[in-house]
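Visitor: Structure provided below as structure tokens; questions to follow.
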2 protein chains.
Amino acid sequence: MADEQAEEIRSDRGGEPGCEPDGPLGVWFAFFNEVGILHQLSRTLFEARLPDGVTLPHFSVLNHLIRVRDGQTPRALAEAFQVPKTSMTHTLAGLEARGLIAMRANPEDGRSKQVWLTEEGRRFRNEAIRLLSDDVAAIASAIDTERIAAALPLLAEVRRYLDENR
Amino acid sequence: MADEQAEEIRSDRGGEPGCEPDGPLGVWFAFFNEVGILHQLSRTLFEARLPDGVTLPHFSVLNHLIRVRDGQTPRALAEAFQVPKTSMTHTLAGLEARGLIAMRANPEDGRSKQVWLTEEGRRFRNEAIRLLSDDVAAIASAIDTERIAAALPLLAEVRRYLDENR
DNA sequence: TGCATTTAGTGCGATATCGCACTATATAGT
DNA sequence: ACTATATAGTGCGATATCGCACTAAATGCA
């Protein structure tokens with residue numbers, strides 16, 4: 001399995017014009033392929049550790065509200081995670097149903113709401129971090145975190161480019 | 001938006017034990033966050049270019065059958081992309097309905113099938129590459145592809161680790 | 001050889017994702 | 001001030017994702 005994917009990534013068949021994305025294009029296709037698989041794997045891992053019914057988008061929103069700023073609008077959150085508004089609406093509904101957030105009218109915009117963490121939401125997020133820590137620590141001890149840290153700016157650059165050119 | 005995410009990634013709040021994943025753990029959380037967003041952005045971009053109803057998983061399977069090997073089993077494909085069997089079953093059903101693949105009994109295993117590209121499937125995949133090329137080329141001209149190529153082995157390493165330790 | 005256990009693919013149903021269209025509100029231009 | 005246009009959030013419905021359970025076939029062990 002992993003060998004087949006590695007073969008796909010390493011293969012350099014060249015030759016057929018227009019059929020095989022090689023050179024720079026091939027690199028980028030491989031990159032996005034890796035991203036897709038990494039996303040799949042990490043989401044599966046994280047959701048296995050979170051309580052039943054709690055998804056990665058749930059946790060990510062809670063984490064974002066804590067790390068970045070509480071009281072953000074659904075629109076801002078949707079943009080932060082690059083998901084459609086309706087997807088974010090659905091995610092927030094799940095969080096609100098669990099009492100982890102509260103949605104209140106946005107005093108600066110009559111069309112809008114602000115998403116606020118509840119005390120339960122804060123506790124929940126901290127507990128989630130604890131639940132995820134062992135696995136993440138295991139990854140950190142198996143793979144050189146310095147290299148990941150060094151790669152982050154590049155990933156952010158790609159993200160920014162895609163965001164600004166969509 | 002991008003600034004908020006950048007702030008999240010760069011922030012190093014330190015201090016509260018057990019509440020904030022910092023140091024190596026924080027780096028990994030940031031990494032997986034980037035991966036999730038990149039996946040979202042790339043999927044949206046690619047699916048916007050593909051014909052209506054054709055998803056990234058559809059294209060990815062076709063591409064995989066061409067680049068790696070035709071005639072693979074549903075199980076092998078599900079493993080390659082790290083998706084559940086039932087998800088792959090659904091994806092393949094969509095491809096077969098469009099006449100892009102044919103599923104035939106696997107002569108080596110009575111329980112199994114093999115997924116074969118049709119001529120239409122090959123043509124379709126080549127056309128899809130063409131449809132995606134302009135955007136990917138634009139990305140390649142904006143961001144140093146060498147750096148992406150240099151990062152690929154690291155991404156593959158993370159993928160391999162997650163795959164082997166799930 | 002017989003049988004317990006495992007596995008491949010899928011039917012089925014629940015939930016997540018997300019586009020379309022809409023209402024209410026904000027913004028921009030005259 | 002008025003109005004055309006844009007925007008925030010969501011109802012609704014279609015499709016994708018995926019777990020559970022199952023049947024049929026394969027594998028491993030005594």
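The chains in the structure tokens are called A, B, ... from first to last as shown; in each chain the residues are counted from 1, and the ligands are counted from 1 in the order shown.
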When you look at range 10-23 of chain C with a cut-off of 10 Å (counting only C-alpha atoms (C1' of nucleotides)), what residues show up, excluding the ones that are within fewer than 6 positions of it in the same chain? I need them as a PyMOL selection string.
Guide: (chain A and resi 53+55+83-88+90-91) or (chain B and resi 85-86+89-90) or (chain D and resi 9-23)
Visitor: Do you know which residues are at most 12 Å from DA24 in chain C counting only C-alpha atoms (C1' of nucleotides), after dropping those on the same chain fewer than 5 positions away, and could you put them as an MDAnalysis selection string?
Guide: (chainID A and resid 109:112) or (chainID D and resid 7:10)
Visitor: Which residues come within 9 Å of range 124-137 of chain A, counting only C-alpha atoms (C1' of nucleotides), excluding same-chain residues fewer than 5 positions away, as number ranges by chain?
Guide: A: 45-46, 49-51, 59, 62-63, 66, 100, 119, 142; B: 18-21, 24-25, 28-29
Visitor: For CA of Gln72 in chain B and CA of Ala30 in chain A, determine how far apart the two atoms are, in Å to one decimal place.
Guide: 19.7 Å
